[in-house]
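> Before we start, here is the structure in question, set down as structure tokens.
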2 protein chains.
Amino acid sequence: MAEVYAARRDRLRERATAGGSAAALVSRPANVRYLAGAAPHGAVLLLGREPGGGDDVLLCARPPSGQTAEGRADEELRVQVLSAPAGDAAVAAADVAAARGADSLAVEEHHLTVARHRALGSVAPRLRLADLNRAVEQLRLVKDAEEISCLRIAAEIADQALGELLESILVGRTERHLALELERRLVDHGADGPAFPTSVGTGPNSGRGGHRPGDRRVEEGDFLSVCLGATYRGYRCEIGRTFVIGTSPADWQIDLYDLVFAAQRAGRESLAPGVECREADRAARQVLDAAGYGDGLAQLTGHGVGLEIEEDPQLAPAAMGKLDACVPVTVEPGVHLPGRGGVRIDDTLVVRPEADGGPELLTITTKELLAL
Amino acid sequence: MAEVYAARRDRLRERATAGGSAAALVSRPANVRYLAGAAPHGAVLLLGREPGGGDDVLLCARPPSGQTAEGRADEELRVQVLSAPAGDAAVAAADVAAARGADSLAVEEHHLTVARHRALGSVAPRLRLADLNRAVEQLRLVKDAEEISCLRIAAEIADQALGELLESILVGRTERHLALELERRLVDHGADGPAFPTSVGTGPNSGRGGHRPGDRRVEEGDFLSVCLGATYRGYRCEIGRTFVIGTSPADWQIDLYDLVFAAQRAGRESLAPGVECREADRAARQVLDAAGYGDGLAQLTGHGVGLEIEEDPQLAPAAMGKLDACVPVTVEPGVHLPGRGGVRIDDTLVVRPEADGGPELLTITTKELLAL
């Protein structure tokens, strides 16, 4: 793996150099992990000028220790442990950059606070602080085979956890308990942990994106919406399904389910390299819009996943940019009718060219309307 | 409750005005919640000039809805829903402040990123951006009766969850499972959720502060360290205990336990209004230091708790400031012997004057060395 991290750092180095900075400071934890293999609490990565990364250094309060939930640090990367454990690693990094004679340092202005940025300026007043922008986030967009394999395993774990839940008795149990049970099962099957707080919505709460599970119990006739994900080696996937409780779904439930299913399928089928992100959004959105549900829809019908659960790209009406091969995204349209409930169907897929069989579905739990 | 929030906002207004700013922008979520009752995702609070708060406004992407995990918003506070749901509420607030003719706006430079700060400057170029500093964090230090009552309930919940775990069979179960079970029990007993990721360490992992639970199973003869906390109405407590598995603890275990217990008691007994924070730290630390364990100790032997699990004050050698009455803190010294394990004992207490009976212990699970 060491070469992978070194190659990523070299690509970032090229960008930083092209932007006019000989040194770059990466502070956002997911970005540090992407480039260094691990992101111990508070750690930052200082990227030097030397190709091959001979002067790259990971600064942290404690040395990284083997395989942990924060990852395993690239063993060929130099580690510098802070002399003051309560100190700010970013400030220490600016000090190192200045001591090396760098005249400018690109920092992540979308992550550093104003106060930390000022502290950097104070410790190294002759260092010009530039903006690295979202250069690391851009590198992270397209995933390599190893990353996709972690996402595949994460999706498998989520599918297993969900499958087991469906075999148990649901009526009478609270949203909160179902969510906790799903999270326990994720860990049972080898997840580092949940990828995000598991959402379980019953009855009037079903179909609400990001619903926080409460004390409502599952009742006969309810829609039950579940959205969960596993983290595996840092990589996060997402799956969402809606079920009906009892043997005979009502007509409105069948109609709403079919509609959201059609929208989600349209979204999935639109995914291909070169497609505008807003077109992929529109594919799903227009199905719901045409049925009169355009107003209450969420901002996004999908988003990238990876080391964070909401990454670029965004599938949204105002999104810029196009999809690429090997970009994993969710497709997750939903409709919620206040007071009645609703439907949400959510998959994680990897964009692939048609020649490779089109989008690869990672979350394979059935999307038929199950009556449980 | 509305008066409580209005009074807090008036106190902050006084500080902002004294600092030369007619308007203040609060963006840090715990600070927003403290002043507005709730902190919906991405919400910010704009504090106007008018005493009584007639021109204070909570800006958010969606209107807050009743009692949620994010709190219940002060119903007398004006709410402004963003016209662009993907917009930045802080930028919208700067726009409002400028439209009102404010010439300066105090912002939380320790929370706003450089990029957001710049966006504020762009939308309102004639507004001078000042630093609110940690004014809200300072207000949050001393808790009122309502806040302490929430902490008391949170501690009771954590005690219950821990007590039930101790009645179950532990040998053979993994750290990860014990942690998940504790978190489930917290929720069972009415917690909003865990106050922080539950830590369970067995054998060589015992006594390590912040240990992330792994696949190691509890064995006869192990030390077992557990650290957990509940969140109740947003308020977070912390309790940590160490047990021995099996009937006869080894001599080194008894000795180490007695030592950490003595240090923790010294720390607890030192808590009083007017005591320097570093003195409270020293009370616990010097016991471990005198026994030769000074080098491997954590930076802190305790910290404040409240709407966040690590708040001011810090109990640390270099900490500034003194304790006040009604400040809740943890006292949590520990010793970890690499390869063997260790002991950590952690309570949440409220500083009280001696006339009121001295420090109030919120987490009341026994600190005798239990052999389970």
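Each chain in the structure tokens gets a letter, A, B and so on, in the order shown; residues start at 1 in every chain, and ligands are counted from 1 in the order they appear.
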Taking only C-alpha atoms into account, report as a list in words which residues of chain B lie within 6 Å of chain A.

Glu109, His110, His111, Leu112, Thr113, Val114 and Ala115 of chain B

> Could you give me, as a count of residues only, each residue of stretch 175-288 of chain B that DSSP assigns to alpha helix (DSSP H) when run on this structure's backbone?

46

> Determine, counting only C-alpha atoms, which protein, DNA and RNA residues have an atom within 10 Å of an atom of A:Glu368; residues of the same chain fewer than 6 positions away are not included. Present the result as a list in words.

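Counting only C-alpha atoms, the residues come to Arg241, Thr242, Phe243, Tyr257, Asp258 and Phe261 of chain A.
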
> Those residues you just picked out, can you put them in a file as a short mmCIF file (atom, residue, chain, number, x, y, z; two decimals), in the first residue's frame with N, CA, C and O atoms?


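And here's selection-v3.cif as it stands now:
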```cif
data_model
loop_
_atom_site.label_atom_id
_atom_site.label_comp_id
_atom_site.auth_asym_id
_atom_site.auth_seq_id
_atom_site.Cartn_x
_atom_site.Cartn_y
_atom_site.Cartn_z
N ARG A 241 -34.07 1.12 2.16
CA ARG A 241 -35.20 0.37 1.63
C ARG A 241 -36.46 0.76 2.40
O ARG A 241 -36.39 1.20 3.55
N THR A 242 -37.62 0.54 1.75
CA THR A 242 -38.89 0.77 2.42
C THR A 242 -39.73 -0.50 2.29
O THR A 242 -39.77 -1.10 1.21
N PHE A 243 -40.32 -0.92 3.39
CA PHE A 243 -41.14 -2.13 3.42
C PHE A 243 -42.54 -1.77 3.89
O PHE A 243 -42.78 -0.68 4.42
N TYR A 257 -44.98 3.46 -3.82
CA TYR A 257 -43.77 2.64 -3.94
C TYR A 257 -43.34 2.51 -5.39
O TYR A 257 -42.17 2.69 -5.74
N ASP A 258 -44.29 2.20 -6.25
CA ASP A 258 -43.98 2.02 -7.68
C ASP A 258 -43.38 3.29 -8.27
O ASP A 258 -42.44 3.24 -9.07
N PHE A 261 -39.85 3.80 -6.91
CA PHE A 261 -39.02 2.76 -7.53
C PHE A 261 -38.67 3.17 -8.97
O PHE A 261 -37.51 3.06 -9.40
#
```

> With distances taken over only C-alpha atoms, which residue among B:Ala6, B:Val79, B:Ala24, B:Leu166 lies nearest B:Pro51?

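Using only C-alpha atoms, the shortest distance to B:Pro51 belongs to B:Ala6.
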
> Using only C-alpha atoms, which of the listed residues (A:Leu82, A:Leu224, A:Ala94, A:Val275) sits closest to A:Pro204?

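Distance minimum relative to A:Pro204 lands on A:Leu224.
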
> As number ranges by chain, please: every residue in stretch 56-108 of chain B that a backbone DSSP assignment puts in strand (DSSP E or B).

B: 57-60, 68, 71, 78-81, 104-107

> Generate the output file for the selected residues, C-alpha atoms, as a PDB file, in the first residue's frame.


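The result, written out as selection22.pdb:
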```pdb
ATOM      1  CA  VAL B  57     -32.786  35.629  14.503  1.00  0.00           C
ATOM      2  CA  LEU B  58     -32.058  31.940  14.009  1.00  0.00           C
ATOM      3  CA  LEU B  59     -31.166  31.256  10.367  1.00  0.00           C
ATOM      4  CA  CYS B  60     -31.508  27.717   9.092  1.00  0.00           C
ATOM      5  CA  THR B  68     -35.857  16.667  18.404  1.00  0.00           C
ATOM      6  CA  GLY B  71     -33.251  20.379  20.954  1.00  0.00           C
ATOM      7  CA  ARG B  78     -37.493  34.768  15.218  1.00  0.00           C
ATOM      8  CA  VAL B  79     -36.629  32.086  12.670  1.00  0.00           C
ATOM      9  CA  GLN B  80     -35.561  32.832   9.104  1.00  0.00           C
ATOM     10  CA  VAL B  81     -35.501  29.944   6.663  1.00  0.00           C
ATOM     11  CA  SER B 104     -19.315  45.456  12.532  1.00  0.00           C
ATOM     12  CA  LEU B 105     -20.121  41.820  13.211  1.00  0.00           C
ATOM     13  CA  ALA B 106     -18.372  39.640  15.782  1.00  0.00           C
ATOM     14  CA  VAL B 107     -17.937  36.064  14.528  1.00  0.00           C
TER      15      VAL B 107
END
```

> Between A:Thr202, A:Gln253, A:Ser149, A:Thr366, which one has atoms that come closest to A:Cys326, using only C-alpha atoms?

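For A:Cys326, the nearest of the candidates is A:Ser149.
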
> Using only C-alpha atoms, which residues sit within 10 Å of B:Pro273 once same-chain residues fewer than 5 positions away are excluded, as a PyMOL selection string?

chain B and resi 322-327+351-354+358-359

> Could you pull the residues within 8 Å of B:Thr301, counting only C-alpha atoms, minus those fewer than 3 positions along the same chain, as a PyMOL selection string?

chain B and resi 281+284-285+298+315-316+330-333

> I want to know what sits within 6 Å of stretch 38-41 of chain B, based on only C-alpha atoms, with residues of the same chain fewer than 4 positions away left out; could you give that as a count of residues only?

7

> Pick out the closest residue to B:Leu25 from this set: B:Val200, B:Val96, B:Ala2, B:Ala155. Count only C-alpha atoms.

B:Val96

> What gap, in Å, lies between atom CA of B:Ala23 and atom CA of B:Asp88?

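For atom CA of B:Ala23 relative to atom CA of B:Asp88, the distance reads 18.1 Å.
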
> What does the distance between atom CA of A:Glu175 and atom CA of A:Val218 come to in Å, to one decimal place?

7.3 Å
